[in-house]
Amino acid sequence: MDQKFEGTPQAELRLDGRKVIRTDVVNDWGLRLQWKVMRDGKVVATPPARGGYEYEPDPAEPGKYEVVLEMWKYVSYRKDAKREFVDSKYVEVSNKVSFSV
């Protein structure tokens with residue numbers, strides 16, 4: 001059975017202080033949904049996002065934080081020599097929001 005990716009998943013993020021709030025995901029593929037939290041351009045956390053509509057990063061260090069929603073796009077189990085997926089990957093499904101600490 002092949003998975004069909006009909007439509008492009010999309011959600012909208014907004015900030016309420018440091019709390020990030022998301023809308024429902026339109027055209028949801030039903031795969032893993034996660035928050036990607038970056039500080040100064042480096043990924044510092046990827047907590048799951050299916051369980052709720054809000055996420056508040058715990059900024060342990062000062063810097064510029066960016067948050068975006070990502071969804072897993074499964075294409076195949078094919079992996080390279082490092083055992084990393086070649087075709088399947090996380091894709092961004094929302095706008096990015098940012099704040100500084």
# chains A, B, ... in the order shown; residues from 1 in each chain; ligands from 1
call {"tool": "residues_around", "arguments": {"residues": "Gly41 of chain A", "least_positions_apart": "4", "cutoff": "10 Å", "atoms": "only C-alpha atoms", "output": "ChimeraX atom specification"}}
result
/A:37,63-66
call {"tool": "write_last_selection", "arguments": {"atoms": "N, CA and C atoms", "output": "mmCIF file, in the first residue's frame"}}
result
data_model
loop_
_atom_site.group_PDB
_atom_site.id
_atom_site.type_symbol
_atom_site.label_atom_id
_atom_site.label_comp_id
_atom_site.auth_asym_id
_atom_site.auth_seq_id
_atom_site.Cartn_x
_atom_site.Cartn_y
_atom_site.Cartn_z
ATOM 1 N N VAL A 37 12.760 23.745 17.468
ATOM 2 C CA VAL A 37 13.190 24.942 18.191
ATOM 3 C C VAL A 37 14.667 25.164 17.911
ATOM 4 N N GLY A 63 19.704 34.279 23.484
ATOM 5 C CA GLY A 63 19.931 34.167 22.044
ATOM 6 C C GLY A 63 18.651 34.429 21.291
ATOM 7 N N LYS A 64 18.727 34.270 19.964
ATOM 8 C CA LYS A 64 17.553 34.435 19.116
ATOM 9 C C LYS A 64 16.944 33.058 18.884
ATOM 10 N N TYR A 65 15.683 32.881 19.275
ATOM 11 C CA TYR A 65 14.978 31.608 19.147
ATOM 12 C C TYR A 65 14.014 31.678 17.965
ATOM 13 N N GLU A 66 13.955 30.590 17.198
ATOM 14 C CA GLU A 66 12.988 30.433 16.121
ATOM 15 C C GLU A 66 12.273 29.107 16.323
#
call {"tool": "residues_around", "arguments": {"residues": "Lys73 of chain A", "least_positions_apart": "5", "cutoff": "12 Å", "atoms": "only C-alpha atoms", "output": "ChimeraX atom specification"}}
result
/A:3-6,8-9,28-33,85-93
call {"tool": "write_last_selection", "arguments": {"atoms": "N, CA and C atoms", "output": "PDB file, in the first residue's frame"}}
result
ATOM      1  N   GLN A   3       1.531   5.321   0.374  1.00  0.00           N
ATOM      2  CA  GLN A   3       0.979   6.489   1.059  1.00  0.00           C
ATOM      3  C   GLN A   3       0.835   7.610   0.045  1.00  0.00           C
ATOM      4  N   LYS A   4      -0.281   8.281   0.067  1.00  0.00           N
ATOM      5  CA  LYS A   4      -0.498   9.395  -0.853  1.00  0.00           C
ATOM      6  C   LYS A   4      -0.458  10.694  -0.069  1.00  0.00           C
ATOM      7  N   PHE A   5       0.313  11.624  -0.583  1.00  0.00           N
ATOM      8  CA  PHE A   5       0.442  12.935   0.053  1.00  0.00           C
ATOM      9  C   PHE A   5      -0.417  13.920  -0.736  1.00  0.00           C
ATOM     10  N   GLU A   6      -1.710  13.917  -0.434  1.00  0.00           N
ATOM     11  CA  GLU A   6      -2.625  14.800  -1.143  1.00  0.00           C
ATOM     12  C   GLU A   6      -2.682  16.132  -0.421  1.00  0.00           C
ATOM     13  N   THR A   8      -0.900  19.958   0.595  1.00  0.00           N
ATOM     14  CA  THR A   8       0.279  20.317   1.377  1.00  0.00           C
ATOM     15  C   THR A   8      -0.165  20.695   2.781  1.00  0.00           C
ATOM     16  N   PRO A   9       0.370  20.019   3.812  1.00  0.00           N
ATOM     17  CA  PRO A   9       0.000  20.378   5.185  1.00  0.00           C
ATOM     18  C   PRO A   9       0.397  21.826   5.484  1.00  0.00           C
ATOM     19  N   ASP A  28      -3.605  17.505   6.737  1.00  0.00           N
ATOM     20  CA  ASP A  28      -2.725  16.736   7.623  1.00  0.00           C
ATOM     21  C   ASP A  28      -2.516  15.323   7.077  1.00  0.00           C
ATOM     22  N   TRP A  29      -1.254  14.893   6.936  1.00  0.00           N
ATOM     23  CA  TRP A  29      -0.941  13.547   6.462  1.00  0.00           C
ATOM     24  C   TRP A  29      -1.058  12.518   7.581  1.00  0.00           C
ATOM     25  N   GLY A  30      -1.153  12.956   8.827  1.00  0.00           N
ATOM     26  CA  GLY A  30      -1.295  12.043   9.949  1.00  0.00           C
ATOM     27  C   GLY A  30       0.007  11.438  10.435  1.00  0.00           C
ATOM     28  N   LEU A  31       1.127  11.946   9.984  1.00  0.00           N
ATOM     29  CA  LEU A  31       2.429  11.436  10.412  1.00  0.00           C
ATOM     30  C   LEU A  31       2.958  12.276  11.568  1.00  0.00           C
ATOM     31  N   ARG A  32       4.171  11.958  12.058  1.00  0.00           N
ATOM     32  CA  ARG A  32       4.731  12.674  13.215  1.00  0.00           C
ATOM     33  C   ARG A  32       4.772  14.179  12.956  1.00  0.00           C
ATOM     34  N   LEU A  33       4.262  14.918  13.926  1.00  0.00           N
ATOM     35  CA  LEU A  33       4.267  16.375  13.893  1.00  0.00           C
ATOM     36  C   LEU A  33       5.102  16.844  15.073  1.00  0.00           C
ATOM     37  N   PHE A  85      17.961   8.334   6.673  1.00  0.00           N
ATOM     38  CA  PHE A  85      17.020   8.249   5.566  1.00  0.00           C
ATOM     39  C   PHE A  85      17.499   9.097   4.389  1.00  0.00           C
ATOM     40  N   VAL A  86      17.302   8.552   3.184  1.00  0.00           N
ATOM     41  CA  VAL A  86      17.713   9.244   1.967  1.00  0.00           C
ATOM     42  C   VAL A  86      16.540  10.017   1.369  1.00  0.00           C
ATOM     43  N   ASP A  87      15.385   9.355   1.264  1.00  0.00           N
ATOM     44  CA  ASP A  87      14.225   9.967   0.604  1.00  0.00           C
ATOM     45  C   ASP A  87      13.234  10.575   1.587  1.00  0.00           C
ATOM     46  N   SER A  88      13.046   9.950   2.750  1.00  0.00           N
ATOM     47  CA  SER A  88      12.094  10.434   3.749  1.00  0.00           C
ATOM     48  C   SER A  88      12.754  11.530   4.581  1.00  0.00           C
ATOM     49  N   LYS A  89      11.941  12.519   5.009  1.00  0.00           N
ATOM     50  CA  LYS A  89      12.511  13.635   5.765  1.00  0.00           C
ATOM     51  C   LYS A  89      11.400  14.441   6.435  1.00  0.00           C
ATOM     52  N   TYR A  90      11.809  15.334   7.329  1.00  0.00           N
ATOM     53  CA  TYR A  90      10.875  16.293   7.923  1.00  0.00           C
ATOM     54  C   TYR A  90      10.743  17.482   6.988  1.00  0.00           C
ATOM     55  N   VAL A  91       9.504  17.962   6.826  1.00  0.00           N
ATOM     56  CA  VAL A  91       9.253  19.152   6.018  1.00  0.00           C
ATOM     57  C   VAL A  91       8.543  20.186   6.890  1.00  0.00           C
ATOM     58  N   GLU A  92       8.849  21.443   6.679  1.00  0.00           N
ATOM     59  CA  GLU A  92       8.216  22.523   7.439  1.00  0.00           C
ATOM     60  C   GLU A  92       6.791  22.701   6.959  1.00  0.00           C
ATOM     61  N   VAL A  93       5.847  22.823   7.908  1.00  0.00           N
ATOM     62  CA  VAL A  93       4.433  22.958   7.554  1.00  0.00           C
ATOM     63  C   VAL A  93       3.814  24.209   8.169  1.00  0.00           C
TER      64      VAL A  93
END
call {"tool": "closest_residue", "arguments": {"among": "A:Arg22, A:Lys96, A:Arg39, A:Arg78", "to": "Pro59 of chain A", "atoms": "only C-alpha atoms"}}
result
A:Arg39
call {"tool": "closest_residue", "arguments": {"among": "A:Glu12, A:Val67, A:Asp80, A:Ala60", "to": "Ser98 of chain A", "atoms": "only C-alpha atoms"}}
result
A:Val67
call {"tool": "closest_residue", "arguments": {"among": "A:Ser76, A:Asn95, A:Gln10, A:Ser100", "to": "Pro57 of chain A", "atoms": "only C-alpha atoms"}}
result
A:Ser100
call {"tool": "closest_residue", "arguments": {"among": "A:Leu69, A:Val44, A:Tyr77, A:Val20", "to": "Ser94 of chain A", "atoms": "only C-alpha atoms"}}
result
A:Leu69
call {"tool": "closest_residue", "arguments": {"among": "A:Asp58, A:Trp35, A:Val43, A:Arg83", "to": "Met71 of chain A", "atoms": "only C-alpha atoms"}}
result
A:Trp35
call {"tool": "select_by_dssp", "arguments": {"residues": "chain A", "states": "strand (DSSP E)", "output": "PyMOL selection string"}}
result
chain A and resi 13-16+19-22+33-39+42-45+54-55+64-73+89-92+97-100
call {"tool": "write_last_selection", "arguments": {"atoms": "N, CA and C atoms", "output": "compact mmCIF listing (two decimals), in the first residue's frame"}}
result
# COMPACT_ATOMS: atom_id res chain seq x y z
N LEU A 13 1.42 29.70 12.96
CA LEU A 13 1.94 29.91 14.31
C LEU A 13 1.85 31.38 14.67
N ARG A 14 1.63 31.63 15.97
CA ARG A 14 1.69 33.01 16.48
C ARG A 14 2.28 32.96 17.88
N LEU A 15 2.83 34.08 18.30
CA LEU A 15 3.44 34.19 19.62
C LEU A 15 2.51 34.89 20.59
N ASP A 16 2.51 34.41 21.82
CA ASP A 16 1.86 35.08 22.94
C ASP A 16 2.93 35.15 24.02
N LYS A 19 5.21 31.98 24.46
CA LYS A 19 4.40 30.81 24.16
C LYS A 19 4.04 30.82 22.67
N VAL A 20 4.24 29.68 22.01
CA VAL A 20 3.91 29.53 20.60
C VAL A 20 2.59 28.78 20.51
N ILE A 21 1.66 29.32 19.75
CA ILE A 21 0.33 28.73 19.59
C ILE A 21 0.13 28.40 18.12
N ARG A 22 -0.38 27.18 17.87
CA ARG A 22 -0.58 26.75 16.48
C ARG A 22 -2.06 26.55 16.19
N LEU A 33 4.26 14.92 13.93
CA LEU A 33 4.27 16.37 13.89
C LEU A 33 5.10 16.84 15.07
N GLN A 34 6.05 17.73 14.83
CA GLN A 34 6.93 18.18 15.91
C GLN A 34 7.23 19.67 15.78
N TRP A 35 7.53 20.26 16.96
CA TRP A 35 8.04 21.63 17.01
C TRP A 35 9.54 21.54 16.77
N LYS A 36 10.10 22.39 15.94
CA LYS A 36 11.56 22.48 15.80
C LYS A 36 11.97 23.82 16.40
N VAL A 37 12.76 23.74 17.47
CA VAL A 37 13.19 24.94 18.19
C VAL A 37 14.67 25.16 17.91
N MET A 38 14.99 26.35 17.41
CA MET A 38 16.37 26.69 17.10
C MET A 38 16.81 27.89 17.91
N ARG A 39 18.06 27.87 18.34
CA ARG A 39 18.65 29.02 19.02
C ARG A 39 19.88 29.41 18.21
N LYS A 42 20.84 26.98 15.41
CA LYS A 42 21.11 25.57 15.69
C LYS A 42 19.90 24.94 16.39
N VAL A 43 19.55 23.72 15.99
CA VAL A 43 18.42 23.02 16.59
C VAL A 43 18.75 22.64 18.03
N VAL A 44 17.87 23.05 18.96
CA VAL A 44 18.08 22.75 20.38
C VAL A 44 17.01 21.82 20.94
N ALA A 45 15.88 21.65 20.23
CA ALA A 45 14.82 20.76 20.71
C ALA A 45 13.87 20.43 19.56
N GLU A 54 -0.16 24.37 22.03
CA GLU A 54 0.74 25.39 22.59
C GLU A 54 2.06 24.76 22.96
N TYR A 55 3.11 25.56 22.84
CA TYR A 55 4.44 25.12 23.27
C TYR A 55 5.19 26.34 23.78
N LYS A 64 18.73 34.27 19.96
CA LYS A 64 17.55 34.44 19.12
C LYS A 64 16.94 33.06 18.88
N TYR A 65 15.68 32.88 19.28
CA TYR A 65 14.98 31.61 19.15
C TYR A 65 14.01 31.68 17.96
N GLU A 66 13.96 30.59 17.20
CA GLU A 66 12.99 30.43 16.12
C GLU A 66 12.27 29.11 16.32
N VAL A 67 10.96 29.10 16.06
CA VAL A 67 10.16 27.89 16.21
C VAL A 67 9.34 27.70 14.94
N VAL A 68 9.30 26.45 14.46
CA VAL A 68 8.52 26.09 13.27
C VAL A 68 7.95 24.69 13.49
N LEU A 69 6.81 24.39 12.86
CA LEU A 69 6.23 23.05 12.91
C LEU A 69 6.77 22.23 11.73
N GLU A 70 7.12 20.99 12.02
CA GLU A 70 7.58 20.08 10.97
C GLU A 70 6.75 18.80 11.00
N MET A 71 6.60 18.19 9.82
CA MET A 71 5.90 16.91 9.72
C MET A 71 6.78 15.94 8.94
N TRP A 72 6.78 14.69 9.39
CA TRP A 72 7.55 13.65 8.72
C TRP A 72 6.90 13.31 7.40
N LYS A 73 7.69 13.26 6.34
CA LYS A 73 7.20 12.85 5.02
C LYS A 73 7.89 11.54 4.67
N LYS A 89 11.94 12.52 5.01
CA LYS A 89 12.51 13.64 5.76
C LYS A 89 11.40 14.44 6.43
N TYR A 90 11.81 15.33 7.33
CA TYR A 90 10.88 16.29 7.92
C TYR A 90 10.74 17.48 6.99
N VAL A 91 9.50 17.96 6.83
CA VAL A 91 9.25 19.15 6.02
C VAL A 91 8.54 20.19 6.89
N GLU A 92 8.85 21.44 6.68
CA GLU A 92 8.22 22.52 7.44
C GLU A 92 6.79 22.70 6.96
N VAL A 97 8.22 31.58 13.75
CA VAL A 97 8.08 32.70 14.67
C VAL A 97 9.39 32.79 15.44
N SER A 98 9.74 33.99 15.86
CA SER A 98 11.01 34.16 16.57
C SER A 98 10.87 35.15 17.70
N PHE A 99 11.75 34.99 18.69
CA PHE A 99 11.84 35.91 19.81
C PHE A 99 13.26 35.86 20.35
N SER A 100 13.65 36.87 21.07
CA SER A 100 15.00 36.93 21.65
C SER A 100 14.93 36.91 23.16
call {"tool": "atom_distance", "arguments": {"atom1": "atom CA of Glu84 of chain A", "atom2": "atom CA of Ala49 of chain A"}}
result
22.7 Å
call {"tool": "atom_distance", "arguments": {"atom1": "atom CA of Ala11 of chain A", "atom2": "atom CA of Lys79 of chain A"}}
result
29.2 Å
call {"tool": "atom_distance", "arguments": {"atom1": "atom CA of Ala81 of chain A", "atom2": "atom CA of Thr46 of chain A"}}
result
24.3 Å
call {"tool": "decode", "arguments": {"residues": "segment 46-86 of chain A", "atoms": "N, CA and C atoms", "output": "PDB file, in the first residue's frame"}}
result
ATOM      1  N   THR A  46      13.255  19.219  19.622  1.00  0.00           N
ATOM      2  CA  THR A  46      12.239  18.798  18.647  1.00  0.00           C
ATOM      3  C   THR A  46      11.133  18.017  19.362  1.00  0.00           C
ATOM      4  N   PRO A  47      10.400  18.668  20.278  1.00  0.00           N
ATOM      5  CA  PRO A  47       9.334  17.964  21.003  1.00  0.00           C
ATOM      6  C   PRO A  47       8.121  17.688  20.107  1.00  0.00           C
ATOM      7  N   PRO A  48       7.352  16.639  20.421  1.00  0.00           N
ATOM      8  CA  PRO A  48       6.151  16.323  19.645  1.00  0.00           C
ATOM      9  C   PRO A  48       5.100  17.424  19.766  1.00  0.00           C
ATOM     10  N   ALA A  49       4.322  17.613  18.691  1.00  0.00           N
ATOM     11  CA  ALA A  49       3.317  18.680  18.666  1.00  0.00           C
ATOM     12  C   ALA A  49       1.893  18.173  18.524  1.00  0.00           C
ATOM     13  N   ARG A  50       1.696  16.868  18.397  1.00  0.00           N
ATOM     14  CA  ARG A  50       0.337  16.334  18.240  1.00  0.00           C
ATOM     15  C   ARG A  50      -0.500  16.479  19.497  1.00  0.00           C
ATOM     16  N   GLY A  51       0.141  16.470  20.648  1.00  0.00           N
ATOM     17  CA  GLY A  51      -0.585  16.456  21.924  1.00  0.00           C
ATOM     18  C   GLY A  51      -1.197  17.770  22.340  1.00  0.00           C
ATOM     19  N   GLY A  52      -0.867  18.856  21.696  1.00  0.00           N
ATOM     20  CA  GLY A  52      -1.422  20.138  22.111  1.00  0.00           C
ATOM     21  C   GLY A  52      -1.185  21.219  21.075  1.00  0.00           C
ATOM     22  N   TYR A  53      -1.809  22.344  21.333  1.00  0.00           N
ATOM     23  CA  TYR A  53      -1.729  23.459  20.394  1.00  0.00           C
ATOM     24  C   TYR A  53      -0.779  24.556  20.859  1.00  0.00           C
ATOM     25  N   GLU A  54      -0.163  24.367  22.034  1.00  0.00           N
ATOM     26  CA  GLU A  54       0.737  25.385  22.587  1.00  0.00           C
ATOM     27  C   GLU A  54       2.065  24.757  22.961  1.00  0.00           C
ATOM     28  N   TYR A  55       3.113  25.559  22.844  1.00  0.00           N
ATOM     29  CA  TYR A  55       4.438  25.117  23.272  1.00  0.00           C
ATOM     30  C   TYR A  55       5.188  26.338  23.778  1.00  0.00           C
ATOM     31  N   GLU A  56       5.810  26.187  24.930  1.00  0.00           N
ATOM     32  CA  GLU A  56       6.611  27.282  25.474  1.00  0.00           C
ATOM     33  C   GLU A  56       8.032  26.775  25.683  1.00  0.00           C
ATOM     34  N   PRO A  57       8.959  27.216  24.822  1.00  0.00           N
ATOM     35  CA  PRO A  57      10.345  26.797  24.986  1.00  0.00           C
ATOM     36  C   PRO A  57      10.883  27.252  26.330  1.00  0.00           C
ATOM     37  N   ASP A  58      11.800  26.474  26.877  1.00  0.00           N
ATOM     38  CA  ASP A  58      12.449  26.827  28.124  1.00  0.00           C
ATOM     39  C   ASP A  58      13.844  27.350  27.778  1.00  0.00           C
ATOM     40  N   PRO A  59      13.934  28.636  27.477  1.00  0.00           N
ATOM     41  CA  PRO A  59      15.226  29.170  27.042  1.00  0.00           C
ATOM     42  C   PRO A  59      16.247  29.189  28.177  1.00  0.00           C
ATOM     43  N   ALA A  60      17.171  28.243  28.138  1.00  0.00           N
ATOM     44  CA  ALA A  60      18.202  28.150  29.168  1.00  0.00           C
ATOM     45  C   ALA A  60      19.334  29.142  28.913  1.00  0.00           C
ATOM     46  N   GLU A  61      19.496  29.541  27.677  1.00  0.00           N
ATOM     47  CA  GLU A  61      20.567  30.457  27.320  1.00  0.00           C
ATOM     48  C   GLU A  61      19.999  31.610  26.506  1.00  0.00           C
ATOM     49  N   PRO A  62      20.620  32.788  26.617  1.00  0.00           N
ATOM     50  CA  PRO A  62      20.169  33.912  25.800  1.00  0.00           C
ATOM     51  C   PRO A  62      20.503  33.671  24.329  1.00  0.00           C
ATOM     52  N   GLY A  63      19.704  34.279  23.484  1.00  0.00           N
ATOM     53  CA  GLY A  63      19.931  34.167  22.044  1.00  0.00           C
ATOM     54  C   GLY A  63      18.651  34.429  21.291  1.00  0.00           C
ATOM     55  N   LYS A  64      18.727  34.270  19.964  1.00  0.00           N
ATOM     56  CA  LYS A  64      17.553  34.435  19.116  1.00  0.00           C
ATOM     57  C   LYS A  64      16.944  33.058  18.884  1.00  0.00           C
ATOM     58  N   TYR A  65      15.683  32.881  19.275  1.00  0.00           N
ATOM     59  CA  TYR A  65      14.978  31.608  19.147  1.00  0.00           C
ATOM     60  C   TYR A  65      14.014  31.678  17.965  1.00  0.00           C
ATOM     61  N   GLU A  66      13.955  30.590  17.198  1.00  0.00           N
ATOM     62  CA  GLU A  66      12.988  30.433  16.121  1.00  0.00           C
ATOM     63  C   GLU A  66      12.273  29.107  16.323  1.00  0.00           C
ATOM     64  N   VAL A  67      10.957  29.099  16.058  1.00  0.00           N
ATOM     65  CA  VAL A  67      10.156  27.889  16.209  1.00  0.00           C
ATOM     66  C   VAL A  67       9.342  27.697  14.936  1.00  0.00           C
ATOM     67  N   VAL A  68       9.296  26.450  14.459  1.00  0.00           N
ATOM     68  CA  VAL A  68       8.521  26.092  13.273  1.00  0.00           C
ATOM     69  C   VAL A  68       7.947  24.694  13.492  1.00  0.00           C
ATOM     70  N   LEU A  69       6.807  24.391  12.858  1.00  0.00           N
ATOM     71  CA  LEU A  69       6.225  23.050  12.906  1.00  0.00           C
ATOM     72  C   LEU A  69       6.774  22.229  11.735  1.00  0.00           C
ATOM     73  N   GLU A  70       7.118  20.986  12.019  1.00  0.00           N
ATOM     74  CA  GLU A  70       7.584  20.080  10.974  1.00  0.00           C
ATOM     75  C   GLU A  70       6.748  18.799  11.002  1.00  0.00           C
ATOM     76  N   MET A  71       6.595  18.187   9.818  1.00  0.00           N
ATOM     77  CA  MET A  71       5.901  16.909   9.718  1.00  0.00           C
ATOM     78  C   MET A  71       6.782  15.938   8.939  1.00  0.00           C
ATOM     79  N   TRP A  72       6.781  14.685   9.387  1.00  0.00           N
ATOM     80  CA  TRP A  72       7.553  13.645   8.725  1.00  0.00           C
ATOM     81  C   TRP A  72       6.899  13.306   7.396  1.00  0.00           C
ATOM     82  N   LYS A  73       7.689  13.260   6.340  1.00  0.00           N
ATOM     83  CA  LYS A  73       7.196  12.849   5.023  1.00  0.00           C
ATOM     84  C   LYS A  73       7.893  11.543   4.672  1.00  0.00           C
ATOM     85  N   TYR A  74       7.168  10.443   4.853  1.00  0.00           N
ATOM     86  CA  TYR A  74       7.716   9.120   4.572  1.00  0.00           C
ATOM     87  C   TYR A  74       7.617   8.841   3.078  1.00  0.00           C
ATOM     88  N   VAL A  75       8.757   8.488   2.479  1.00  0.00           N
ATOM     89  CA  VAL A  75       8.785   8.101   1.075  1.00  0.00           C
ATOM     90  C   VAL A  75       9.232   6.644   0.953  1.00  0.00           C
ATOM     91  N   SER A  76      10.314   6.292   1.653  1.00  0.00           N
ATOM     92  CA  SER A  76      10.799   4.908   1.629  1.00  0.00           C
ATOM     93  C   SER A  76      11.707   4.670   2.836  1.00  0.00           C
ATOM     94  N   TYR A  77      12.028   3.394   3.056  1.00  0.00           N
ATOM     95  CA  TYR A  77      12.935   3.039   4.148  1.00  0.00           C
ATOM     96  C   TYR A  77      14.401   3.124   3.727  1.00  0.00           C
ATOM     97  N   ARG A  78      14.680   3.500   2.519  1.00  0.00           N
ATOM     98  CA  ARG A  78      16.053   3.535   2.006  1.00  0.00           C
ATOM     99  C   ARG A  78      16.927   4.442   2.866  1.00  0.00           C
ATOM    100  N   LYS A  79      18.115   3.899   3.252  1.00  0.00           N
ATOM    101  CA  LYS A  79      19.045   4.656   4.087  1.00  0.00           C
ATOM    102  C   LYS A  79      20.437   4.619   3.463  1.00  0.00           C
ATOM    103  N   ASP A  80      21.258   5.593   3.844  1.00  0.00           N
ATOM    104  CA  ASP A  80      22.627   5.643   3.345  1.00  0.00           C
ATOM    105  C   ASP A  80      23.563   4.860   4.268  1.00  0.00           C
ATOM    106  N   ALA A  81      24.855   4.947   4.026  1.00  0.00           N
ATOM    107  CA  ALA A  81      25.838   4.202   4.818  1.00  0.00           C
ATOM    108  C   ALA A  81      25.838   4.619   6.286  1.00  0.00           C
ATOM    109  N   LYS A  82      25.404   5.840   6.585  1.00  0.00           N
ATOM    110  CA  LYS A  82      25.342   6.335   7.973  1.00  0.00           C
ATOM    111  C   LYS A  82      24.017   5.967   8.637  1.00  0.00           C
ATOM    112  N   ARG A  83      23.168   5.179   7.937  1.00  0.00           N
ATOM    113  CA  ARG A  83      21.866   4.746   8.427  1.00  0.00           C
ATOM    114  C   ARG A  83      20.864   5.901   8.568  1.00  0.00           C
ATOM    115  N   GLU A  84      21.056   6.929   7.756  1.00  0.00           N
ATOM    116  CA  GLU A  84      20.126   8.062   7.739  1.00  0.00           C
ATOM    117  C   GLU A  84      19.224   7.931   6.515  1.00  0.00           C
ATOM    118  N   PHE A  85      17.961   8.334   6.673  1.00  0.00           N
ATOM    119  CA  PHE A  85      17.020   8.249   5.566  1.00  0.00           C
ATOM    120  C   PHE A  85      17.499   9.097   4.389  1.00  0.00           C
ATOM    121  N   VAL A  86      17.302   8.552   3.184  1.00  0.00           N
ATOM    122  CA  VAL A  86      17.713   9.244   1.967  1.00  0.00           C
ATOM    123  C   VAL A  86      16.540  10.017   1.369  1.00  0.00           C
TER     124      VAL A  86
END
